[in-house]
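Structure file entry16.txt; described as compact mmCIF, C-alpha atoms.
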# COMPACT_ATOMS: atom_id res chain seq x y z
CA MET X 1 -16.26 -5.92 49.46
CA THR X 2 -15.17 -5.87 45.87
CA THR X 3 -16.32 -3.40 43.27
CA THR X 4 -19.88 -3.99 42.05
CA ALA X 5 -22.54 -1.95 40.34
CA VAL X 6 -25.34 -1.17 42.80
CA SER X 7 -28.73 0.41 42.59
CA PRO X 8 -28.63 4.19 42.87
CA ALA X 9 -31.43 4.11 45.39
CA ASP X 10 -31.16 3.00 48.97
CA ALA X 11 -33.87 1.32 51.05
CA THR X 12 -35.83 4.58 51.35
CA GLY X 13 -35.86 5.14 47.62
CA ALA X 14 -33.62 8.23 47.75
CA SER X 15 -30.57 8.48 45.51
CA ARG X 16 -27.15 8.20 47.14
CA PRO X 17 -24.66 10.97 46.35
CA CYS X 18 -21.07 10.18 45.52
CA ASN X 19 -18.98 9.90 48.70
CA ARG X 20 -16.09 11.75 47.06
CA CYS X 21 -17.37 14.61 44.93
CA LYS X 22 -20.75 14.92 46.73
CA GLU X 23 -22.22 16.20 43.47
CA GLN X 24 -23.10 13.30 41.19
CA GLU X 25 -25.09 10.18 41.94
CA GLY X 26 -23.12 7.28 43.38
CA THR X 27 -23.63 4.12 41.33
CA ILE X 28 -20.46 2.08 41.98
CA GLU X 29 -19.59 0.53 45.31
CA LEU X 30 -15.92 0.39 46.25
CA ARG X 31 -14.22 -1.96 48.69
CA VAL X 32 -14.79 -0.02 51.89
CA ALA X 33 -18.54 0.54 51.65
CA GLU X 34 -17.90 3.70 49.63
CA VAL X 35 -20.28 4.58 46.80
CA VAL X 36 -18.85 6.75 44.03
CA CYS X 37 -19.90 8.12 40.67
CA LYS X 38 -18.45 7.09 37.32
CA SER X 39 -16.07 10.05 37.13
CA CYS X 40 -14.64 9.47 40.60
CA PHE X 41 -14.31 5.76 39.92
CA ALA X 42 -12.37 6.44 36.70
CA TYR X 43 -10.09 8.79 38.65
CA TYR X 44 -9.68 6.13 41.36
CA VAL X 45 -8.46 3.56 38.82
CA SER X 46 -6.22 5.91 36.84
CA SER X 47 -4.63 7.45 39.94
CA LYS X 48 -3.62 4.01 41.22
CA ALA X 49 -1.72 3.39 37.99
CA ILE X 50 -0.24 6.88 37.67
CA LYS X 51 1.11 6.77 41.22
CA ARG X 52 3.00 3.59 40.35
CA LEU X 53 4.37 5.29 37.23
CA GLU X 54 5.49 8.30 39.26
CA ALA X 55 7.42 5.96 41.56
CA LEU X 56 8.99 4.36 38.49
CA GLN X 57 9.94 7.74 37.06
CA ARG X 58 11.67 8.73 40.29
CA GLU X 59 13.74 5.55 40.22
CA THR X 60 14.61 5.65 36.52
CA SER X 61 14.61 9.38 35.76
CA ALA X 62 16.29 10.19 32.47
CA PRO X 63 19.20 12.68 32.37
CA ARG X 64 18.46 16.25 31.38
CA SER X 65 18.95 16.99 27.73
CA SER X 66 22.08 18.89 26.72
CA GLY X 67 21.51 19.12 22.98
CA SER X 68 19.26 21.31 20.88
CA GLY X 69 16.25 20.94 23.16
CA PRO X 70 15.22 23.37 25.88
CA ARG X 71 17.86 23.72 28.53
CA GLY X 72 17.28 21.58 31.58
CA GLN X 73 14.40 19.62 30.02
CA ARG X 74 14.31 15.87 30.63
CA ARG X 75 13.53 13.63 27.71
CA PRO X 76 10.26 11.71 28.06
CA GLN X 77 10.65 8.20 29.35
CA ARG X 78 9.83 5.41 26.94
CA TYR X 79 7.81 2.43 28.14
CA LEU X 80 7.01 -0.83 26.45
CA VAL X 81 3.52 -2.08 27.34
CA GLY X 82 2.77 -5.79 27.10
CA LEU X 83 -0.67 -6.04 25.51
CA SER X 84 -2.36 -9.43 25.89
CA CYS X 85 -5.71 -7.85 24.89
CA GLY X 86 -7.21 -8.99 28.19
CA PRO X 87 -9.03 -6.65 30.61
CA SER X 88 -5.94 -5.68 32.63
CA SER X 89 -3.61 -4.78 29.75
CA THR X 90 -6.47 -3.06 27.89
CA ALA X 91 -7.20 -0.94 30.95
CA LEU X 92 -3.50 -0.08 31.30
CA LEU X 93 -3.32 1.00 27.65
CA HIS X 94 -6.40 3.19 28.10
CA VAL X 95 -5.03 4.81 31.29
CA LEU X 96 -1.74 5.66 29.57
CA THR X 97 -3.51 7.01 26.48
CA GLU X 98 -5.83 9.22 28.54
CA ASN X 99 -2.98 10.51 30.70
CA VAL X 100 -0.94 11.57 27.64
CA ARG X 101 -4.05 13.21 26.15
CA GLN X 102 -4.67 15.15 29.36
CA GLN X 103 -1.06 16.34 29.47
CA ARG X 104 -1.36 17.69 25.95
CA ALA X 105 -4.73 19.29 26.77
CA ARG X 106 -3.01 21.19 29.59
CA GLY X 107 -0.64 22.71 27.05
CA GLN X 108 2.39 20.47 27.58
CA LYS X 109 4.28 20.24 24.30
CA THR X 110 6.09 17.10 25.40
CA ALA X 111 4.46 14.41 27.51
CA ARG X 112 6.35 13.02 30.50
CA PHE X 113 6.41 9.59 28.88
CA GLU X 114 5.80 7.82 25.60
CA TYR X 115 4.91 4.18 25.13
CA ILE X 116 4.93 1.31 22.67
CA ALA X 117 2.31 -1.44 22.98
CA VAL X 118 3.39 -4.94 21.88
CA HIS X 119 0.92 -7.76 21.29
CA VAL X 120 2.44 -11.23 20.89
CA VAL X 121 0.33 -13.34 18.51
CA ASP X 122 0.39 -17.06 19.24
CA ASP X 123 1.04 -18.48 15.78
CA ALA X 124 2.29 -21.86 17.11
CA LEU X 125 -1.00 -23.72 16.96
CA PRO X 126 -1.16 -27.52 17.29
CA SER X 127 -1.46 -29.40 14.04
CA SER X 128 -4.83 -30.77 15.19
CA SER X 129 -6.29 -27.26 15.62
CA PRO X 130 -7.58 -25.17 12.72
CA ALA X 131 -5.25 -22.38 11.73
CA LEU X 132 -6.21 -18.88 12.72
CA ASP X 133 -7.74 -17.09 9.80
CA SER X 134 -5.53 -14.22 8.72
CA ALA X 135 -8.51 -11.93 8.10
CA GLU X 136 -9.80 -12.64 11.59
CA GLU X 137 -6.40 -11.88 13.11
CA THR X 138 -6.16 -8.65 11.13
CA SER X 139 -9.61 -7.62 12.33
CA TYR X 140 -8.72 -8.55 15.90
CA VAL X 141 -5.62 -6.34 15.99
CA SER X 142 -7.22 -3.63 13.85
CA ALA X 143 -9.94 -3.17 16.46
CA TYR X 144 -7.30 -2.02 18.96
CA ARG X 145 -5.59 0.17 16.37
CA ALA X 146 -8.91 1.88 15.59
CA ARG X 147 -9.73 2.35 19.28
CA PHE X 148 -6.24 3.67 20.13
CA PRO X 149 -5.16 5.57 17.01
CA ASP X 150 -2.43 7.50 18.86
CA ALA X 151 -0.78 4.37 20.27
CA ASP X 152 2.25 2.78 18.63
CA LEU X 153 0.93 -0.79 18.48
CA LEU X 154 3.18 -3.63 17.32
CA SER X 155 2.10 -7.17 16.53
CA VAL X 156 4.83 -9.79 16.96
CA PRO X 157 4.47 -13.54 16.28
CA LEU X 158 5.35 -15.92 19.09
CA SER X 159 7.57 -17.88 16.71
CA SER X 160 9.94 -14.89 16.51
CA ALA X 161 11.31 -16.15 19.85
CA LEU X 162 13.23 -18.78 17.84
CA ALA X 163 15.63 -16.01 16.80
CA LEU X 164 16.42 -14.99 20.38
CA GLN X 165 19.80 -15.95 21.80
CA SER X 166 18.60 -15.30 25.36
CA ILE X 167 16.85 -18.70 25.40
CA ASP X 168 18.77 -21.95 25.78
CA TRP X 169 17.01 -23.90 23.02
CA THR X 170 19.09 -27.00 23.74
CA ALA X 171 17.00 -27.45 26.89
CA LEU X 172 13.81 -27.90 24.86
CA PRO X 173 12.90 -30.87 22.64
CA SER X 174 14.40 -30.77 19.15
CA PRO X 175 11.78 -30.33 16.40
CA PRO X 176 11.72 -32.88 13.56
CA HIS X 177 13.16 -31.95 10.19
CA SER X 178 11.00 -31.41 7.15
CA PRO X 179 10.79 -34.52 4.92
CA ASP X 180 11.16 -32.25 1.89
CA PRO X 181 14.52 -30.39 1.90
CA ASN X 182 13.12 -27.91 -0.61
CA SER X 183 10.21 -27.05 1.67
CA PRO X 184 11.52 -26.50 5.22
CA PHE X 185 9.21 -25.94 8.14
CA SER X 186 8.21 -22.38 8.89
CA PRO X 187 9.16 -20.87 12.28
CA ALA X 188 5.56 -21.29 13.44
CA GLN X 189 5.62 -24.98 12.49
CA LYS X 190 8.95 -25.49 14.26
CA LEU X 191 7.70 -23.90 17.46
CA SER X 192 4.45 -25.85 17.25
CA SER X 193 6.46 -29.07 17.00
CA ILE X 194 8.56 -28.13 20.02
CA LEU X 195 5.48 -27.38 22.11
CA ALA X 196 3.76 -30.58 20.98
CA LEU X 197 6.67 -32.63 22.38
CA LEU X 198 6.23 -31.19 25.88
CA PRO X 199 4.66 -33.59 28.39
CA SER X 200 1.49 -31.73 29.49
CA ALA X 201 -0.87 -28.81 28.96
CA THR X 202 0.75 -27.09 31.96
CA SER X 203 4.17 -27.42 30.33
CA ARG X 204 2.97 -25.96 27.04
CA ALA X 205 1.22 -23.04 28.74
CA ASP X 206 4.28 -22.42 30.91
CA ILE X 207 6.75 -22.35 28.02
CA ARG X 208 4.41 -20.13 25.99
CA ARG X 209 4.29 -17.61 28.84
CA LEU X 210 8.08 -17.65 29.20
CA LEU X 211 8.55 -17.07 25.46
CA VAL X 212 6.20 -14.09 25.58
CA ARG X 213 8.21 -12.62 28.45
CA HIS X 214 11.48 -13.11 26.54
CA ILE X 215 10.01 -11.38 23.47
CA LEU X 216 8.84 -8.41 25.52
CA VAL X 217 12.22 -8.01 27.25
CA ALA X 218 14.09 -8.29 23.94
CA THR X 219 11.77 -5.81 22.24
CA ALA X 220 12.14 -3.35 25.14
CA ALA X 221 15.93 -3.61 24.86
CA GLN X 222 15.80 -3.21 21.08
CA ARG X 223 13.55 -0.16 21.28
CA ASN X 224 15.71 1.41 24.00
CA CYS X 225 12.79 1.50 26.46
CA ASP X 226 13.31 2.63 30.04
CA ALA X 227 10.92 0.05 31.51
CA LEU X 228 8.56 -2.79 30.66
CA LEU X 229 4.98 -2.34 31.89
CA LEU X 230 2.80 -5.41 32.39
CA GLY X 231 -0.97 -5.28 32.88
CA HIS X 232 -1.03 -7.51 35.95
CA SER X 233 -3.88 -6.84 38.37
CA THR X 234 -4.01 -7.98 41.99
CA THR X 235 -5.99 -11.01 40.84
CA SER X 236 -3.58 -12.04 38.09
CA LEU X 237 -0.58 -11.53 40.39
CA ALA X 238 -2.19 -13.84 42.96
CA GLU X 239 -2.73 -16.42 40.21
CA LEU X 240 0.88 -16.03 39.07
CA THR X 241 2.17 -16.40 42.63
CA LEU X 242 0.46 -19.72 43.30
CA SER X 243 1.02 -21.11 39.80
CA GLU X 244 4.76 -20.37 39.86
CA THR X 245 5.00 -21.89 43.34
CA ALA X 246 3.19 -25.01 42.18
CA LYS X 247 5.54 -25.28 39.20
CA GLY X 248 8.61 -25.18 41.46
CA ARG X 249 9.71 -21.55 41.06
CA GLY X 250 8.99 -20.35 44.58
CA PHE X 251 12.60 -19.22 44.93
CA SER X 252 12.15 -16.81 42.01
CA LEU X 253 8.86 -15.21 43.09
CA PRO X 254 10.46 -11.83 43.98
CA PHE X 255 11.80 -11.54 40.42
CA LEU X 256 8.69 -12.89 38.66
CA VAL X 257 5.93 -11.17 40.64
CA ASN X 258 7.27 -8.05 42.40
CA ASP X 259 8.15 -4.79 40.70
CA GLY X 260 11.84 -4.15 40.21
CA VAL X 261 14.88 -4.48 38.00
CA VAL X 262 15.69 -7.70 36.17
CA PRO X 263 18.92 -8.48 34.28
CA VAL X 264 18.94 -8.38 30.50
CA PRO X 265 20.98 -11.29 29.10
CA SER X 266 24.25 -10.01 27.65
CA ARG X 267 24.04 -12.74 25.00
CA LEU X 268 20.95 -11.04 23.57
CA ASP X 269 21.84 -10.60 19.90
CA MET X 270 20.21 -7.40 18.73
CA THR X 271 21.00 -8.17 15.09
CA GLU X 272 18.46 -10.96 15.36
CA ALA X 273 15.66 -8.73 16.57
CA ALA X 274 12.50 -10.00 18.13
CA ILE X 275 10.49 -7.81 15.76
CA PRO X 276 10.80 -8.74 12.06
CA SER X 277 11.61 -5.96 9.64
CA ASN X 278 8.17 -6.30 8.03
CA THR X 279 6.25 -6.13 11.30
CA ASP X 280 2.95 -4.34 10.83
CA THR X 281 2.89 -1.09 12.80
CA ASN X 282 0.93 2.08 12.52
CA ASN X 283 4.08 4.05 11.73
CA GLU X 284 4.42 5.29 8.19
CA SER X 285 8.01 4.24 7.68
CA HIS X 286 11.08 2.89 9.41
CA PRO X 287 14.75 3.23 8.51
CA SER X 288 15.90 0.40 6.28
CA THR X 289 19.01 -0.11 8.41
CA PRO X 290 18.13 0.57 12.04
CA VAL X 291 20.89 1.59 14.40
CA HIS X 292 20.65 -0.47 17.55
CA PRO X 293 21.61 1.27 20.78
CA PRO X 294 23.81 -0.51 23.31
CA VAL X 295 21.97 -3.35 25.04
CA PRO X 296 21.09 -2.33 28.61
CA THR X 297 22.28 -4.61 31.38
CA THR X 298 19.08 -4.29 33.44
CA LEU X 299 15.44 -3.49 32.76
CA PRO X 300 12.78 -2.36 35.26
CA ILE X 301 9.56 -4.41 35.03
CA TYR X 302 6.51 -2.84 36.69
CA SER X 303 2.81 -3.67 37.03
CA PRO X 304 1.04 -0.30 37.47
CA LEU X 305 -2.35 -1.98 38.07
CA ARG X 306 -1.14 -4.30 40.82
CA GLU X 307 -3.38 -2.61 43.43
CA LEU X 308 -6.61 -3.14 41.47
CA PHE X 309 -8.79 -6.25 41.17
CA ARG X 310 -9.79 -7.69 37.82
CA LYS X 311 -13.48 -6.95 38.51
CA GLU X 312 -12.64 -3.31 39.14
CA LEU X 313 -10.87 -3.11 35.79
CA LEU X 314 -13.82 -4.73 34.02
CA THR X 315 -16.10 -2.13 35.60
CA TYR X 316 -13.71 0.60 34.48
CA LEU X 317 -13.70 -0.70 30.91
CA SER X 318 -17.50 -0.93 30.82
CA TYR X 319 -17.85 2.80 31.59
CA THR X 320 -15.56 4.11 28.87
CA THR X 321 -17.06 5.67 25.75
CA PRO X 322 -17.50 3.48 23.79
CA PRO X 323 -17.16 0.57 26.24
CA LEU X 324 -13.80 -1.16 25.89
CA THR X 325 -15.41 -4.42 26.97
CA LEU X 326 -16.55 -4.76 23.36
CA LEU X 327 -12.93 -5.45 22.41
CA LEU X 328 -12.56 -8.30 24.91
CA PRO X 329 -13.44 -11.94 24.22
CA LEU X 330 -16.63 -13.27 25.82
CA SER X 331 -14.57 -15.50 28.11
CA GLU X 332 -13.18 -12.36 29.79
CA THR X 333 -16.44 -10.44 30.19
CA GLY X 334 -18.87 -13.27 30.87
CA PRO X 335 -19.61 -15.01 34.17
CA ALA X 336 -16.99 -16.99 36.05
CA THR X 337 -15.84 -20.10 34.23
CA THR X 338 -15.58 -22.33 37.24
CA ASN X 339 -18.62 -24.35 36.19
CA SER X 340 -17.85 -24.52 32.48
CA ALA X 341 -17.71 -27.93 30.96
CA VAL X 342 -14.30 -29.52 30.73
CA VAL X 343 -13.89 -32.55 28.52
CA SER X 344 -10.80 -33.73 30.36
CA HIS X 345 -8.78 -32.30 33.23
CA ARG X 346 -5.70 -32.99 31.13
CA ASP X 347 -6.84 -30.10 28.95
CA LEU X 348 -6.43 -27.73 31.90
CA SER X 349 -3.11 -26.23 32.90
CA ILE X 350 -2.23 -25.10 36.41
CA ASP X 351 -2.75 -21.54 35.20
CA ASP X 352 -6.30 -22.38 34.07
CA VAL X 353 -7.13 -24.04 37.39
CA LEU X 354 -5.93 -21.07 39.44
CA SER X 355 -7.66 -18.59 37.15
CA ARG X 356 -10.97 -20.38 37.78
CA TYR X 357 -10.26 -20.52 41.50
CA PHE X 358 -9.46 -16.84 41.93
CA SER X 359 -12.39 -15.74 39.77
CA THR X 360 -14.58 -17.20 42.53
CA VAL X 361 -12.47 -16.07 45.48
CA GLU X 362 -12.25 -12.51 44.17
CA ALA X 363 -16.04 -12.18 44.15
CA SER X 364 -16.58 -13.29 47.77
CA TYR X 365 -13.23 -12.90 49.55
CA PRO X 366 -11.19 -10.18 47.82
CA SER X 367 -9.04 -9.72 50.94
CA VAL X 368 -7.70 -13.25 50.45
CA VAL X 369 -6.53 -12.33 46.95
CA ALA X 370 -4.91 -9.13 48.17
CA ASN X 371 -3.15 -10.92 51.03
CA VAL X 372 -1.49 -13.34 48.60
CA VAL X 373 0.05 -10.43 46.70
CA ARG X 374 1.00 -8.50 49.84
CA THR X 375 2.74 -11.54 51.29
CA THR X 376 4.73 -12.03 48.09
CA GLY X 377 5.66 -8.35 48.16
CA LYS X 378 7.42 -8.90 51.49
CA LEU X 379 9.84 -11.37 49.90
CA SER X 380 13.22 -9.77 49.26
CA ARG X 381 15.58 -10.29 46.37
CA SER X 382 18.71 -11.91 47.73
CA ASP X 383 22.11 -10.62 46.61
CA GLY X 384 20.68 -8.28 43.99
CA PRO X 385 20.03 -9.22 40.37
CA PRO X 386 21.42 -12.67 39.51
CA SER X 387 24.36 -12.84 37.16
CA GLU X 388 24.02 -14.60 33.85
CA LYS X 389 26.10 -17.53 35.10
CA THR X 390 23.52 -18.32 37.77
CA THR X 391 20.31 -17.86 35.79
CA CYS X 392 17.99 -20.45 34.31
CA GLY X 393 18.36 -20.96 30.58
CA LEU X 394 14.58 -20.79 30.02
CA CYS X 395 12.88 -18.52 32.54
CA GLY X 396 15.95 -16.35 33.23
CA ALA X 397 15.37 -16.39 36.99
CA GLY X 398 18.12 -17.02 39.51
CA LEU X 399 19.14 -20.60 40.27
CA ASP X 400 18.90 -22.07 43.76
CA ALA X 401 21.17 -25.09 43.34
CA GLN X 402 20.71 -26.39 46.87
CA GLY X 403 16.95 -25.97 46.83
CA ASP X 404 16.56 -27.42 43.35
CA GLU X 405 18.55 -30.49 44.32
CA ARG X 406 16.54 -30.93 47.51
CA TRP X 407 13.17 -30.80 45.76
CA ARG X 408 14.20 -32.46 42.51
CA GLY X 409 12.14 -35.56 43.31
CA GLU X 410 11.97 -38.05 40.51
CA ILE X 411 14.04 -35.83 38.19
CA GLY X 412 17.51 -37.01 39.09
CA PRO X 413 20.87 -36.13 37.53
CA ASP X 414 20.87 -39.49 35.77
CA ILE X 415 17.86 -38.45 33.66
CA ALA X 416 19.38 -35.09 32.80
CA ASP X 417 22.73 -36.69 31.96
CA ALA X 418 20.95 -39.23 29.77
CA ASP X 419 19.30 -36.40 27.86
CA VAL X 420 22.69 -34.75 27.34
CA ALA X 421 24.20 -37.96 26.01
CA ARG X 422 21.19 -38.67 23.79
CA ASP X 423 21.10 -35.20 22.23
CA GLY X 424 24.89 -34.94 21.87
CA LEU X 425 25.14 -31.79 23.96
CA GLN X 426 28.45 -30.52 25.28
CA LYS X 427 27.06 -29.82 28.74
CA LYS X 428 23.83 -30.07 30.66
CA PRO X 429 21.58 -27.00 30.27
CA GLN X 430 21.26 -24.86 33.39
CA LEU X 431 17.61 -25.07 34.36
CA CYS X 432 15.74 -24.32 37.54
CA TYR X 433 13.58 -27.02 39.08
CA GLY X 434 10.39 -25.51 37.65
CA CYS X 435 11.69 -25.44 34.07
CA GLU X 436 13.02 -29.01 34.41
CA ARG X 437 9.55 -30.12 35.38
CA SER X 438 8.02 -28.26 32.45
CA VAL X 439 10.45 -29.78 29.94
CA ARG X 440 10.72 -33.35 31.28
CA GLY X 441 7.45 -33.78 33.19
What would you get if you wrote out this structure as structure tokens?
Amino acid sequence: MTTTAVSPADATGASRPCNRCKEQEGTIELRVAEVVCKSCFAYYVSSKAIKRLEALQRETSAPRSSGSGPRGQRRPQRYLVGLSCGPSSTALLHVLTENVRQQRARGQKTARFEYIAVHVVDDALPSSSPALDSAEETSYVSAYRARFPDADLLSVPLSSALALQSIDWTALPSPPHSPDPNSPFSPAQKLSSILALLPSATSRADIRRLLVRHILVATAAQRNCDALLLGHSTTSLAELTLSETAKGRGFSLPFLVNDGVVPVPSRLDMTEAAIPSNTDTNNESHPSTPVHPPVPTTLPIYSPLRELFRKELLTYLSYTTPPLTLLLPLSETGPATTNSAVVSHRDLSIDDVLSRYFSTVEASYPSVVANVVRTTGKLSRSDGPPSEKTTCGLCGAGLDAQGDERWRGEIGPDIADADVARDGLQKKPQLCYGCERSVRG
């Protein structure tokens, strides 16, 4: 049974005590017919995440300091948190903030970790859609800054991905040039044009998600972070598993879904940073000429909330003071969207379809959702992290040449070669089968 709020009284009208502390009234039902109070439920959620962080710290422990600091003291690990402003990433940000606060309350001068939260703003809107009002966007991000004043929150536009060298832009459609040479297109307009040339809503959603991942990895490398933390819950990981399989990336599931180390492209040019110099942060000042540390060759990517369902996280957010559900859009806190009106199924991506499906399955059959993630967790990464020569130019996952050729279907080498000849490229871009489908349909 999934987590639901239940009546504090049983059939006899007597209140039910918490099964864990035995002191307070149990008002929240957990999966195994266990009724707990709000405090024990908050501890249940936070402990799940902190245990995953402890495992990460053991695997990526920093060397002990040898400078002016206390002898034998390890420097705090630095994490970059991907903040989509959905329920999972919001819950992760709250858990990290509360854990650091509790460490300081216990008298620790230095917390065991520090974190930077990065929110990627989608500024590549279609020309047919109204532009996002700047005041509304400022208010939207400011709400998180006001709720988490101690967090280092960065806001990065999606169009900043155009400056990244880790993406093979020759594999994507070329945007048109501005008719007025004196008024070139802005980066947001260029990216919007590229996305508009993709064949379907699934393709556009897929490329958007890949660009966000590239920005987060590049920002983590630029900020010298020890790991990238994503707010994936069990539910979102199940959605990601089936959506990536449907898109043709089943071979890369261990790298895209499971926790572990991923390679950082050596061609990542840190002089062209993912974060613009005028990025709005809550820091007072930054050096005018930042000194970039050496680019790491690998980066651990972890999902600390992978053992919690989305409904459990929504319950957790509703019991904070004030409730963090007030920061979420109505589409995240309202009822399941499986019955919402859809003008055309072409407007739905594979990600949207699976999100609607699992929102229903999670409510009635949570074990099915958990089994999808557990099964994916049993998949092993073959031959360690893929080298840059054998990675896809878009998603960065390892290439399975034999498998891609076997399942290529209607996308034959003649079509790819024709694209190379048409665009005047020197060689055919290295893409996995899933990215070829996203780009060419």
For this session: Quick one: pull the distance between CA of Val261 in chain X and CA of Thr297 in chain X, Å, one decimal.
Result: 9.9 Å
Select all residues near (16.7, -12.5, 27.4) (cut-off 10 Å, inclusive, file coordinates), counting only C-alpha atoms, and output them as a short mmCIF file (atom, residue, chain, number, x, y, z; two decimals) with C-alpha atoms, keeping the file's coordinate frame.
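Output file selection03.cif is given in full below:
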data_model
loop_
_atom_site.label_atom_id
_atom_site.label_comp_id
_atom_site.auth_asym_id
_atom_site.auth_seq_id
_atom_site.Cartn_x
_atom_site.Cartn_y
_atom_site.Cartn_z
CA ALA X 161 11.31 -16.15 19.85
CA LEU X 164 16.42 -14.99 20.38
CA GLN X 165 19.80 -15.95 21.80
CA SER X 166 18.60 -15.30 25.36
CA ILE X 167 16.85 -18.70 25.40
CA ASP X 168 18.77 -21.95 25.78
CA LEU X 211 8.55 -17.07 25.46
CA ARG X 213 8.21 -12.62 28.45
CA HIS X 214 11.48 -13.11 26.54
CA ILE X 215 10.01 -11.38 23.47
CA LEU X 216 8.84 -8.41 25.52
CA VAL X 217 12.22 -8.01 27.25
CA ALA X 218 14.09 -8.29 23.94
CA THR X 219 11.77 -5.81 22.24
CA ALA X 221 15.93 -3.61 24.86
CA PRO X 263 18.92 -8.48 34.28
CA VAL X 264 18.94 -8.38 30.50
CA PRO X 265 20.98 -11.29 29.10
CA SER X 266 24.25 -10.01 27.65
CA ARG X 267 24.04 -12.74 25.00
CA LEU X 268 20.95 -11.04 23.57
CA ASP X 269 21.84 -10.60 19.90
CA GLU X 388 24.02 -14.60 33.85
CA GLY X 393 18.36 -20.96 30.58
CA LEU X 394 14.58 -20.79 30.02
CA CYS X 395 12.88 -18.52 32.54
CA GLY X 396 15.95 -16.35 33.23
#
Seminar exercise, completed: Min atom-atom distance to Val141 in chain X from the set X:Val100, X:Leu327, X:Ala188, X:Ala91, counting only C-alpha atoms, belongs to X:Leu327
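Among the candidates X:Leu230, X:Leu256, X:Val118, X:Leu153, the residue lying nearest to Thr376 in chain X is X:Leu256 (atoms considered: only C-alpha atoms).
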For this session: In Å, rounded to a single decimal, give me how far CA of Thr234 in chain X is from CA of Asn371 in chain X.
Result: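 About the pair CA of Asn371 in chain X and CA of Thr234 in chain X: they are 9.5 Å apart.
With CA of Glu239 in chain X on one side and CA of Phe358 in chain X on the other, the separation reads 7.0 Å.
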Problem set entry | Pick from X:Ser200, X:Ser159, X:Arg101, X:Asp259 nearest to Phe185 in chain X, counting all atoms listed in the file | X:Ser159
For this session: Name the residues in contact with Arg20 in chain X at a cut-off of 12 Å, using only C-alpha atoms, excluding same-chain residues fewer than 4 positions from it; report them as a PyMOL selection string.
Result: chain X and resi 16+24-26+28-30+34-41+43-44
For this session: Find the residues with any atom within 12 Å of (-13.0, -10.7, 49.7); use all atoms listed in the file and the coordinates as given in the file, and write the answer as a PyMOL selection string.
Result: chain X and resi 1-3+30-32+235+309+311+358-372
Exercise. What's the 9 Å shell around Gly231 in chain X, counting only C-alpha atoms, without same-chain residues fewer than 5 positions away, as an NGL selection string?
Worked result: :X and (81-84 or 86-93 or 236 or 302-306)
Selection above as a file: C-alpha atoms, as a short mmCIF file (atom, residue, chain, number, x, y, z; two decimals), in the coordinates of the input:
data_model
loop_
_atom_site.label_atom_id
_atom_site.label_comp_id
_atom_site.auth_asym_id
_atom_site.auth_seq_id
_atom_site.Cartn_x
_atom_site.Cartn_y
_atom_site.Cartn_z
CA VAL X 81 3.52 -2.08 27.34
CA GLY X 82 2.77 -5.79 27.10
CA LEU X 83 -0.67 -6.04 25.51
CA SER X 84 -2.36 -9.43 25.89
CA GLY X 86 -7.21 -8.99 28.19
CA PRO X 87 -9.03 -6.65 30.61
CA SER X 88 -5.94 -5.68 32.63
CA SER X 89 -3.61 -4.78 29.75
CA THR X 90 -6.47 -3.06 27.89
CA ALA X 91 -7.20 -0.94 30.95
CA LEU X 92 -3.50 -0.08 31.30
CA LEU X 93 -3.32 1.00 27.65
CA SER X 236 -3.58 -12.04 38.09
CA TYR X 302 6.51 -2.84 36.69
CA SER X 303 2.81 -3.67 37.03
CA PRO X 304 1.04 -0.30 37.47
CA LEU X 305 -2.35 -1.98 38.07
CA ARG X 306 -1.14 -4.30 40.82
#
